[in-house]
$ cat target_34.txt   # compact mmCIF, C-alpha atoms
# COMPACT_ATOMS: atom_id res chain seq x y z
CA MET A 1 171.63 132.36 23.14
CA THR A 2 169.30 134.79 21.40
CA ALA A 3 167.90 137.89 23.09
CA LEU A 4 164.46 136.23 23.12
CA SER A 5 165.85 133.11 24.81
CA ARG A 6 167.66 135.18 27.42
CA ALA A 7 164.46 137.10 28.11
CA ARG A 8 162.56 133.82 28.59
CA VAL A 9 165.22 132.47 30.99
CA ILE A 10 165.25 135.70 32.99
CA GLY A 11 161.46 135.76 33.02
CA ALA A 12 161.30 132.18 34.30
CA PHE A 13 163.87 132.97 37.00
CA LEU A 14 161.91 136.02 38.15
CA LEU A 15 158.71 133.97 38.21
CA VAL A 16 160.33 131.33 40.43
CA LEU A 17 161.80 134.03 42.65
CA SER A 18 158.45 135.78 42.92
CA ALA A 19 156.74 132.48 43.78
CA SER A 20 159.30 131.69 46.48
CA VAL A 21 158.82 135.12 48.04
CA MET A 22 155.06 134.65 47.93
CA VAL A 23 155.30 131.24 49.64
CA ARG A 24 157.60 132.73 52.29
CA ALA A 25 155.12 135.54 52.93
CA GLN A 26 152.24 133.07 53.17
CA MET A 27 153.78 130.79 55.76
CA ALA A 28 151.65 129.86 58.74
CA THR A 29 153.18 129.50 62.20
CA ALA A 30 153.20 125.70 61.90
CA ASP A 31 155.46 126.04 58.85
CA ARG A 32 157.73 128.67 60.41
CA VAL A 33 158.56 126.52 63.43
CA ARG A 34 159.76 123.77 61.10
CA GLU A 35 162.35 126.09 59.58
CA PRO A 36 165.91 126.38 60.97
CA GLY A 37 166.50 128.85 63.77
CA PHE A 38 164.37 130.00 66.67
CA TRP A 39 160.73 131.04 66.34
CA PRO A 40 158.29 131.49 69.25
CA THR A 41 156.60 128.22 70.36
CA LYS A 42 159.21 126.10 68.54
CA GLY A 43 160.31 124.04 71.55
CA GLU A 44 163.32 122.31 70.00
CA ALA A 45 166.05 123.54 72.40
CA ALA A 46 167.31 121.51 75.35
CA ARG A 47 166.41 122.50 78.91
CA GLU A 48 170.03 123.41 79.68
CA ASP A 49 170.05 125.91 76.79
CA TYR A 50 167.88 128.28 78.83
CA ALA A 51 169.51 130.82 81.12
CA GLY A 52 166.43 132.24 82.88
CA GLY A 53 165.03 135.75 83.12
CA ALA A 54 167.11 136.67 86.17
CA VAL A 55 170.30 136.15 84.16
CA CYS A 56 168.93 138.24 81.28
CA ALA A 57 168.09 141.06 83.70
CA GLN A 58 171.69 141.36 84.84
CA CYS A 59 172.50 143.12 81.55
CA HIS A 60 169.06 144.23 80.39
CA VAL A 61 168.25 146.02 83.63
CA ARG A 62 165.47 148.31 82.38
CA HIS A 63 163.55 145.49 80.73
CA GLY A 64 164.14 143.27 83.73
CA GLU A 65 162.49 145.83 85.98
CA THR A 66 159.31 146.27 83.92
CA GLN A 67 158.66 143.06 81.96
CA PRO A 68 157.65 140.92 84.98
CA SER A 69 154.70 143.27 85.58
CA THR A 70 153.30 142.88 82.06
CA ARG A 71 150.21 140.84 81.29
CA MET A 72 152.30 138.53 79.11
CA ALA A 73 154.62 137.74 82.00
CA ARG A 74 151.57 136.82 84.10
CA THR A 75 149.55 135.02 81.46
CA ALA A 76 150.03 131.71 83.29
CA MET A 77 150.74 130.85 86.89
CA ARG A 78 150.56 128.05 89.37
CA VAL A 79 147.26 128.23 91.17
CA GLU A 80 148.86 128.99 94.53
CA ASP A 81 150.21 132.20 92.97
CA SER A 82 146.82 133.36 91.64
CA GLU A 83 145.92 136.77 93.06
CA VAL A 84 142.37 136.22 91.81
CA LEU A 85 141.86 133.18 94.03
CA ARG A 86 143.78 134.61 96.98
CA ALA A 87 141.47 137.62 97.01
CA ARG A 88 138.30 135.50 96.66
CA PRO A 89 138.18 132.57 99.09
CA SER A 90 135.07 131.14 97.41
CA LEU A 91 133.61 131.57 93.92
CA GLN A 92 130.37 129.83 92.92
CA PHE A 93 128.36 129.38 89.74
CA ARG A 94 125.17 127.47 89.04
CA SER A 95 123.83 126.07 85.77
CA GLY A 96 120.83 123.79 85.71
CA ALA A 97 121.29 121.02 88.24
CA TYR A 98 125.01 121.68 88.65
CA THR A 99 126.76 123.85 91.22
CA TYR A 100 130.38 124.84 90.64
CA GLU A 101 132.72 126.16 93.31
CA ILE A 102 136.36 127.22 93.37
CA ALA A 103 137.73 127.67 96.86
CA ARG A 104 141.40 128.63 96.65
CA ALA A 105 142.96 125.67 94.82
CA SER A 106 140.00 123.33 95.30
CA TYR A 107 137.49 122.89 92.47
CA SER A 108 134.23 121.05 93.08
CA VAL A 109 131.12 120.28 91.06
CA SER A 110 127.88 118.86 92.42
CA ASP A 111 124.65 117.74 90.78
CA GLY A 112 122.79 117.80 94.08
CA THR A 113 123.35 114.10 94.71
CA ARG A 114 126.95 113.45 93.86
CA SER A 115 129.98 115.69 93.84
CA SER A 116 133.54 115.62 92.54
CA VAL A 117 136.50 117.56 93.95
CA VAL A 118 139.98 118.10 92.48
CA SER A 119 142.96 120.35 93.14
CA LEU A 120 143.62 122.94 90.47
CA ARG A 121 147.19 123.29 89.20
CA TRP A 122 147.31 126.13 86.69
CA GLY A 123 145.64 129.47 86.07
CA PHE A 124 145.80 130.87 82.52
CA GLY A 125 145.28 134.62 82.16
CA ASP A 126 146.40 137.31 84.58
CA GLY A 127 142.84 137.91 85.78
CA ARG A 128 142.33 141.42 84.42
CA VAL A 129 139.92 140.00 81.86
CA GLY A 130 139.61 136.53 83.28
CA GLN A 131 141.37 133.37 84.34
CA THR A 132 140.89 129.77 83.20
CA TYR A 133 141.99 126.78 85.28
CA LEU A 134 143.60 123.43 84.56
CA PHE A 135 143.99 120.34 86.70
CA GLU A 136 145.44 116.87 86.22
CA ARG A 137 143.52 113.66 86.65
CA GLY A 138 144.56 110.18 85.60
CA GLY A 139 147.73 111.55 84.06
CA THR A 140 145.77 113.84 81.72
CA LEU A 141 145.33 117.59 81.88
CA HIS A 142 141.76 118.87 82.07
CA GLU A 143 140.32 122.33 81.49
CA ALA A 144 137.76 123.39 84.10
CA ARG A 145 134.30 124.00 82.70
CA VAL A 146 134.14 127.39 84.42
CA SER A 147 136.47 130.40 84.48
CA TYR A 148 136.69 133.64 86.44
CA TYR A 149 135.66 136.93 84.76
CA ASP A 150 136.78 140.19 86.28
CA SER A 151 134.05 142.43 84.80
CA VAL A 152 131.39 140.47 86.70
CA HIS A 153 133.70 139.37 89.56
CA ALA A 154 132.29 135.88 89.24
CA LEU A 155 132.57 132.51 87.57
CA GLY A 156 131.02 131.71 84.21
CA PHE A 157 131.42 129.05 81.56
CA THR A 158 134.90 128.92 80.05
CA PRO A 159 134.81 130.50 76.54
CA ALA A 160 133.35 128.11 73.95
CA ARG A 161 132.85 125.46 76.66
CA ALA A 162 129.27 126.17 77.76
CA ILE A 163 127.21 123.02 78.06
CA ALA A 164 123.50 123.24 78.87
CA ALA A 165 122.80 119.63 79.80
CA PRO A 166 125.94 117.62 80.62
CA PRO A 167 125.35 113.85 80.39
CA ASP A 168 127.27 113.22 83.62
CA LEU A 169 129.27 114.84 86.41
CA GLU A 170 132.58 114.27 84.66
CA GLU A 171 131.45 116.08 81.51
CA ALA A 172 129.99 118.90 83.59
CA MET A 173 133.24 119.37 85.45
CA ALA A 174 135.85 119.63 82.68
CA ARG A 175 137.12 118.48 79.32
CA PRO A 176 140.36 116.59 78.72
CA VAL A 177 143.24 118.38 76.98
CA ASP A 178 145.42 116.15 74.82
CA GLN A 179 149.19 116.51 74.51
CA ALA A 180 149.07 118.41 71.22
CA GLU A 181 146.65 121.00 72.56
CA ALA A 182 148.51 121.25 75.87
CA ARG A 183 151.74 121.95 74.01
CA ARG A 184 150.06 124.76 72.03
CA CYS A 185 148.47 126.31 75.11
CA PHE A 186 151.53 126.13 77.33
CA GLY A 187 153.74 127.18 74.42
CA CYS A 188 152.02 130.57 74.34
CA HIS A 189 151.38 131.01 78.07
CA THR A 190 154.68 129.81 79.52
CA THR A 191 158.40 129.65 78.70
CA ALA A 192 160.25 126.43 77.84
CA SER A 193 157.29 124.10 78.31
CA ALA A 194 158.51 122.05 75.33
CA VAL A 195 162.12 120.94 75.04
CA GLN A 196 163.81 118.87 72.36
CA GLY A 197 160.52 118.60 70.52
CA ARG A 198 158.37 117.22 73.33
CA PHE A 199 155.99 118.73 75.87
CA ASP A 200 157.71 118.73 79.27
CA PRO A 201 156.00 121.09 81.75
CA ALA A 202 158.04 119.95 84.75
CA GLY A 203 160.77 122.57 84.31
CA LEU A 204 158.85 125.38 82.61
CA THR A 205 158.78 129.03 83.67
CA PRO A 206 155.24 130.41 84.13
CA GLY A 207 154.33 133.27 81.82
CA VAL A 208 155.98 134.72 78.74
CA THR A 209 159.49 135.73 79.77
CA CYS A 210 162.61 136.85 77.84
CA GLU A 211 163.48 133.51 76.29
CA ALA A 212 159.95 132.81 75.06
CA CYS A 213 160.45 135.58 72.48
CA HIS A 214 164.21 135.89 72.08
CA GLY A 215 165.09 132.20 72.27
CA PRO A 216 167.23 130.23 74.73
CA GLY A 217 169.90 132.53 76.14
CA ARG A 218 172.65 130.30 77.52
CA ALA A 219 174.83 130.49 74.38
CA HIS A 220 174.22 134.25 74.15
CA VAL A 221 175.35 134.78 77.74
CA ALA A 222 178.43 132.61 77.29
CA ALA A 223 179.44 134.55 74.17
CA ILE A 224 178.98 137.88 75.96
CA GLU A 225 181.09 136.71 78.89
CA GLY A 226 183.76 135.59 76.42
CA GLY A 227 183.77 138.94 74.65
CA ARG A 228 182.52 137.41 71.38
CA LEU A 229 179.95 140.03 70.44
CA THR A 230 179.27 138.80 66.90
CA ALA A 231 178.59 135.30 68.18
CA ALA A 232 176.45 136.76 70.97
CA ARG A 233 174.22 138.60 68.49
CA ALA A 234 173.88 135.47 66.35
CA ALA A 235 172.92 133.35 69.38
CA ILE A 236 169.79 135.32 70.22
CA LEU A 237 166.84 136.55 68.16
CA ASN A 238 166.16 140.27 68.08
CA PRO A 239 162.72 140.72 66.43
CA ALA A 240 163.62 144.34 65.63
CA ARG A 241 165.86 143.02 62.85
CA LEU A 242 162.96 141.25 61.11
CA SER A 243 161.05 142.72 58.19
CA PRO A 244 157.75 144.43 59.11
CA ALA A 245 155.69 141.49 57.85
CA ASP A 246 157.83 138.99 59.75
CA ARG A 247 157.59 141.09 62.91
CA VAL A 248 153.81 140.88 62.81
CA ASP A 249 153.97 137.14 62.09
CA PHE A 250 156.41 136.84 65.01
CA CYS A 251 153.73 138.11 67.41
CA GLY A 252 151.24 136.02 65.46
CA ALA A 253 153.00 132.84 66.60
CA CYS A 254 150.70 133.16 69.59
CA HIS A 255 148.19 135.80 68.51
CA ALA A 256 147.50 134.05 65.15
CA THR A 257 148.86 135.31 61.86
CA PHE A 258 146.83 136.16 58.76
CA TRP A 259 147.49 132.71 57.35
CA ASP A 260 146.90 130.91 60.65
CA VAL A 261 143.40 132.37 60.65
CA LYS A 262 142.75 131.67 56.97
CA LEU A 263 143.98 128.08 57.10
CA ALA A 264 141.97 127.41 60.28
CA GLY A 265 138.84 128.77 58.58
CA GLU A 266 138.14 131.07 61.50
CA LYS A 267 135.52 133.76 61.02
CA GLY A 268 133.60 136.27 63.07
CA MET A 269 134.86 137.04 66.56
CA ALA A 270 137.51 134.31 66.46
CA ALA A 271 139.14 136.01 63.47
CA LEU A 272 138.62 139.50 64.88
CA ARG A 273 140.50 138.65 68.08
CA SER A 274 143.64 137.85 66.07
CA GLN A 275 145.40 141.20 66.10
CA PRO A 276 148.10 140.26 63.53
CA ASN A 277 145.48 138.93 61.12
CA ARG A 278 143.36 142.05 61.45
CA LEU A 279 146.33 144.42 61.21
CA GLN A 280 147.51 142.79 58.00
CA SER A 281 143.94 143.01 56.66
CA SER A 282 144.01 146.79 57.03
CA ARG A 283 143.81 148.88 53.89
CA CYS A 284 146.97 150.77 54.87
CA TRP A 285 149.08 147.65 55.45
CA GLY A 286 150.17 147.16 51.83
CA GLU A 287 153.53 145.39 51.74
CA GLY A 288 154.16 146.16 55.40
CA ASP A 289 155.41 149.25 57.16
CA ALA A 290 157.50 149.32 60.33
CA ARG A 291 155.35 152.20 61.57
CA ILE A 292 152.30 149.95 61.97
CA THR A 293 153.75 146.69 63.28
CA CYS A 294 152.62 145.38 66.67
CA THR A 295 155.67 146.74 68.49
CA ALA A 296 155.26 150.18 66.92
CA CYS A 297 152.39 150.68 69.36
CA HIS A 298 152.99 148.08 72.07
CA ASP A 299 156.22 147.59 74.02
CA PRO A 300 156.21 143.94 75.18
CA HIS A 301 158.64 144.86 77.96
CA ARG A 302 156.22 147.33 79.58
CA PRO A 303 152.62 147.14 80.84
CA LEU A 304 149.92 147.70 78.26
CA VAL A 305 148.99 151.36 77.66
CA ARG A 306 145.22 151.82 77.77
CA GLU A 307 144.73 155.54 77.12
CA ALA A 308 143.49 155.99 73.53
CA ALA A 309 145.26 159.34 73.11
CA ALA A 310 148.63 157.72 73.82
CA PHE A 311 148.52 156.08 70.38
CA ASP A 312 147.88 159.30 68.42
CA PRO A 313 151.61 159.94 67.76
CA ARG A 314 151.83 156.48 66.19
CA CYS A 315 148.99 157.32 63.81
CA LEU A 316 150.58 160.67 62.99
CA ALA A 317 153.82 158.89 62.08
CA CYS A 318 152.03 157.99 58.83
CA HIS A 319 149.16 160.47 58.57
CA VAL A 320 149.54 164.19 58.08
CA GLN A 321 147.78 166.64 60.34
CA ALA A 322 144.69 168.56 59.28
CA GLY A 323 145.39 171.16 56.62
CA LEU A 324 148.49 169.41 55.26
CA SER A 325 148.91 167.29 52.14
CA PRO A 326 150.35 163.78 52.20
CA THR A 327 154.07 163.41 51.54
CA ARG A 328 156.37 160.50 50.75
CA GLU A 329 157.29 160.20 54.44
CA HIS A 330 153.67 160.74 55.59
CA PRO A 331 151.50 159.17 52.88
CA GLY A 332 148.40 158.96 55.04
CA ARG A 333 145.72 161.60 54.55
CA ALA A 334 144.57 163.81 57.39
CA CYS A 335 141.53 162.65 59.32
CA PRO A 336 138.58 164.91 58.38
CA VAL A 337 137.20 164.69 61.92
CA GLY A 338 140.17 165.49 64.12
CA ARG A 339 143.51 164.33 65.45
CA GLU A 340 142.74 163.00 68.92
CA ASN A 341 141.91 159.52 70.15
CA CYS A 342 142.37 158.14 66.62
CA VAL A 343 141.98 154.49 67.61
CA THR A 344 138.59 155.08 69.21
CA CYS A 345 137.04 155.48 65.75
CA HIS A 346 139.46 153.68 63.48
CA MET A 347 140.05 150.61 65.70
CA PRO A 348 136.75 150.16 67.57
CA LYS A 349 136.11 147.70 70.35
CA TYR A 350 133.68 144.79 70.06
CA GLU A 351 131.97 142.97 72.89
CA VAL A 352 132.64 139.25 73.30
CA ALA A 353 129.65 138.18 75.35
CA GLU A 354 130.99 134.82 76.49
CA MET A 355 134.13 136.53 77.83
CA HIS A 356 132.23 139.39 79.48
CA SER A 357 134.69 141.80 77.91
CA SER A 358 135.39 143.84 74.78
CA PHE A 359 138.40 143.60 72.45
CA THR A 360 139.99 146.12 70.11
CA ASP A 361 139.66 145.31 66.43
CA HIS A 362 143.11 145.92 64.94
CA ARG A 363 141.86 146.24 61.35
CA ILE A 364 142.50 149.94 60.77
CA ARG A 365 139.75 151.48 58.69

$ encode --input "target_34.txt" --output "structure tokens"
Amino acid sequence: MTALSRARVIGAFLLVLSASVMVRAQMATADRVREPGFWPTKGEAAREDYAGGAVCAQCHVRHGETQPSTRMARTAMRVEDSEVLRARPSLQFRSGAYTYEIARASYSVSDGTRSSVVSLRWGFGDGRVGQTYLFERGGTLHEARVSYYDSVHALGFTPARAIAAPPDLEEAMARPVDQAEARRCFGCHTTASAVQGRFDPAGLTPGVTCEACHGPGRAHVAAIEGGRLTAARAAILNPARLSPADRVDFCGACHATFWDVKLAGEKGMAALRSQPNRLQSSRCWGEGDARITCTACHDPHRPLVREAAAFDPRCLACHVQAGLSPTREHPGRACPVGRENCVTCHMPKYEVAEMHSSFTDHRIR
């Protein structure tokens, strides 16, 4: 083989390798869950493969003490456990001819002549921003037309579900949720709602708990008890071992990755609310840096930190302080304005009117 031929073969090999890496980096969540191994929302394990958060907490004591109080752990609940509804015996909302009321677990809608009443089953959202409700009728899940919003302490139309002139009482009350959508919703708001590839909410755990992110733990626990540490590590997913880009996509399984947003054609506020998408759209993202992944700033095992100044050390992990020049370890330039409350300017909040709340834009500029 001549030198030119060898060069062509090597060039072709590198091109194929480069293409495969590019495809891997461009995978959407729907593609990732079809790959071998665990990925959040996959839902292929059997019910008996799950050990439960209480078992996890026996070894991981510190996480077991704090994770149940996080917003993720309380992102879904049975209606009887809703603190929002326990604290507010009656919530009402009126639109046109229709009056909506939620009284504890009872949801009713009236047009002034007729009325319809159902029992709510699920509350999605911990209530600090809002809470949306689901009920079952005729064997089908339905999403209530109205939700609770904490900033106004009242009901309002569920996001993207406002309807000015419903044709009938049924349409005014709710919209049906098919199995595919229910699996997606419960997959991100609960743990083990899908088993062996099918949606099965009967045995789920409300909220995002240990095994929603780390995978079913029964085999991990058995290996630990048997002293097989290598097998134990292989039986559970530790996101810290992923590459920076994969770590962000890991969170994006529920918060929407860059490619989830692009392939869905989402724009405007829908795209802005995807933190992984916005983070990876940042000018400083490049090929990915562990210092600016989701978990670099947010510990999923602890309640969300809200003070802007608390994130300054994370920014200064990349950026030099005023008066200093960038280095290899700190390639980010110093902010010409100051070094406090960095995210207030560089990651501003935007109001989402229909949700009566504002959200942080994670595209660092």

$ closest_residue --input "target_34.txt" --among "A:Ala245, A:Val117, A:Cys188, A:Cys315" --to "Arg74 in chain A" --atoms "only C-alpha atoms"
A:Cys188

$ atom_distance --input "target_34.txt" --atom1 "CA of Arg291 in chain A" --atom2 "CA of Cys318 in chain A"
7.2 Å

$ residues_near_point --input "target_34.txt" --point "(152.5, 147.3, 76.7)" --cutoff "12 Å" --atoms "all atoms listed in the file" --output "list in words"
His63, Thr66, Gln67, Pro68, Ser69, Thr70, Arg71, Met72, Ala73, Cys294, Thr295, Ala296, Cys297, His298, Asp299, Pro300, His301, Arg302, Pro303, Leu304, Val305, Arg306, Glu307, Ala310 and Phe311 of chain A

$ atom_distance --input "target_34.txt" --atom1 "CA of Arg128 in chain A" --atom2 "CA of Glu101 in chain A"
20.1 Å

$ axis_aligned_box --input "target_34.txt" --around "range 217-233 of chain A" --padding-each-side "3 Å" --output "JSON"
{"center_x": 176.8, "center_y": 135.2, "center_z": 72.9, "size_x": 19.9, "size_y": 15.7, "size_z": 18.0}

$ residues_near_point --input "target_34.txt" --point "(169.0, 138.6, 85.3)" --cutoff "12 Å" --atoms "only C-alpha atoms" --output "JSON, numbers by chain"
{"A": [51, 52, 53, 54, 55, 56, 57, 58, 59, 60, 61, 62, 63, 64, 65, 67, 68, 209, 210, 211, 217, 218, 221]}

$ atom_distance --input "target_34.txt" --atom1 "CA of Leu316 in chain A" --atom2 "CA of Arg339 in chain A"
8.3 Å

$ closest_residue --input "target_34.txt" --among "A:Glu329, A:Glu35, A:Asp249, A:Asp312" --to "Cys345 in chain A" --atoms "all atoms listed in the file"
A:Asp312

$ residues_around --input "target_34.txt" --residues "Val33 in chain A" --least-positions-apart "3" --cutoff "6 Å" --atoms "all atoms listed in the file" --output "list in words"
Ala30, Trp39 and Lys42 of chain A

$ decode --input "target_34.txt" --residues "range 307-328 of chain A" --atoms "N, CA and C atoms" --output "compact mmCIF listing (two decimals), in the first residue's frame"
# COMPACT_ATOMS: atom_id res chain seq x y z
N GLU A 307 -30.61 32.32 46.34
CA GLU A 307 -29.84 33.55 46.46
C GLU A 307 -28.86 33.66 45.29
N ALA A 308 -28.94 34.75 44.53
CA ALA A 308 -28.10 34.93 43.34
C ALA A 308 -26.62 34.88 43.69
N ALA A 309 -26.23 35.46 44.82
CA ALA A 309 -24.81 35.51 45.19
C ALA A 309 -24.23 34.14 45.46
N ALA A 310 -25.07 33.17 45.77
CA ALA A 310 -24.57 31.82 46.07
C ALA A 310 -23.92 31.17 44.86
N PHE A 311 -24.25 31.66 43.66
CA PHE A 311 -23.69 31.06 42.45
C PHE A 311 -22.41 31.75 41.98
N ASP A 312 -22.03 32.83 42.62
CA ASP A 312 -20.81 33.55 42.20
C ASP A 312 -19.57 32.67 42.19
N PRO A 313 -19.34 31.83 43.22
CA PRO A 313 -18.14 30.97 43.18
C PRO A 313 -18.12 30.03 41.97
N ARG A 314 -19.31 29.63 41.48
CA ARG A 314 -19.35 28.78 40.30
C ARG A 314 -18.87 29.56 39.08
N CYS A 315 -19.29 30.81 38.98
CA CYS A 315 -18.85 31.64 37.85
C CYS A 315 -17.35 31.88 37.91
N LEU A 316 -16.85 32.10 39.13
CA LEU A 316 -15.43 32.38 39.31
C LEU A 316 -14.56 31.13 39.19
N ALA A 317 -15.19 29.97 39.03
CA ALA A 317 -14.42 28.76 38.75
C ALA A 317 -13.86 28.80 37.33
N CYS A 318 -14.49 29.61 36.46
CA CYS A 318 -14.02 29.77 35.09
C CYS A 318 -13.46 31.17 34.83
N HIS A 319 -14.09 32.17 35.42
CA HIS A 319 -13.71 33.56 35.15
C HIS A 319 -12.73 34.08 36.20
N VAL A 320 -11.79 34.86 35.73
CA VAL A 320 -10.84 35.48 36.67
C VAL A 320 -11.50 36.70 37.32
N GLN A 321 -10.96 37.11 38.44
CA GLN A 321 -11.46 38.28 39.12
C GLN A 321 -10.93 39.55 38.46
N ALA A 322 -11.56 40.66 38.77
CA ALA A 322 -11.17 41.94 38.19
C ALA A 322 -9.69 42.22 38.43
N GLY A 323 -9.01 42.69 37.38
CA GLY A 323 -7.60 43.02 37.49
C GLY A 323 -6.67 41.89 37.11
N LEU A 324 -7.22 40.68 36.90
CA LEU A 324 -6.38 39.53 36.54
C LEU A 324 -6.61 39.14 35.08
N SER A 325 -5.62 38.49 34.51
CA SER A 325 -5.73 38.04 33.12
C SER A 325 -6.15 36.58 33.10
N PRO A 326 -6.88 36.20 32.07
CA PRO A 326 -7.30 34.79 31.95
C PRO A 326 -6.10 33.85 31.92
N THR A 327 -6.31 32.64 32.43
CA THR A 327 -5.29 31.60 32.43
C THR A 327 -5.87 30.35 31.80
N ARG A 328 -5.06 29.32 31.67
CA ARG A 328 -5.55 28.06 31.12
C ARG A 328 -6.63 27.47 32.02
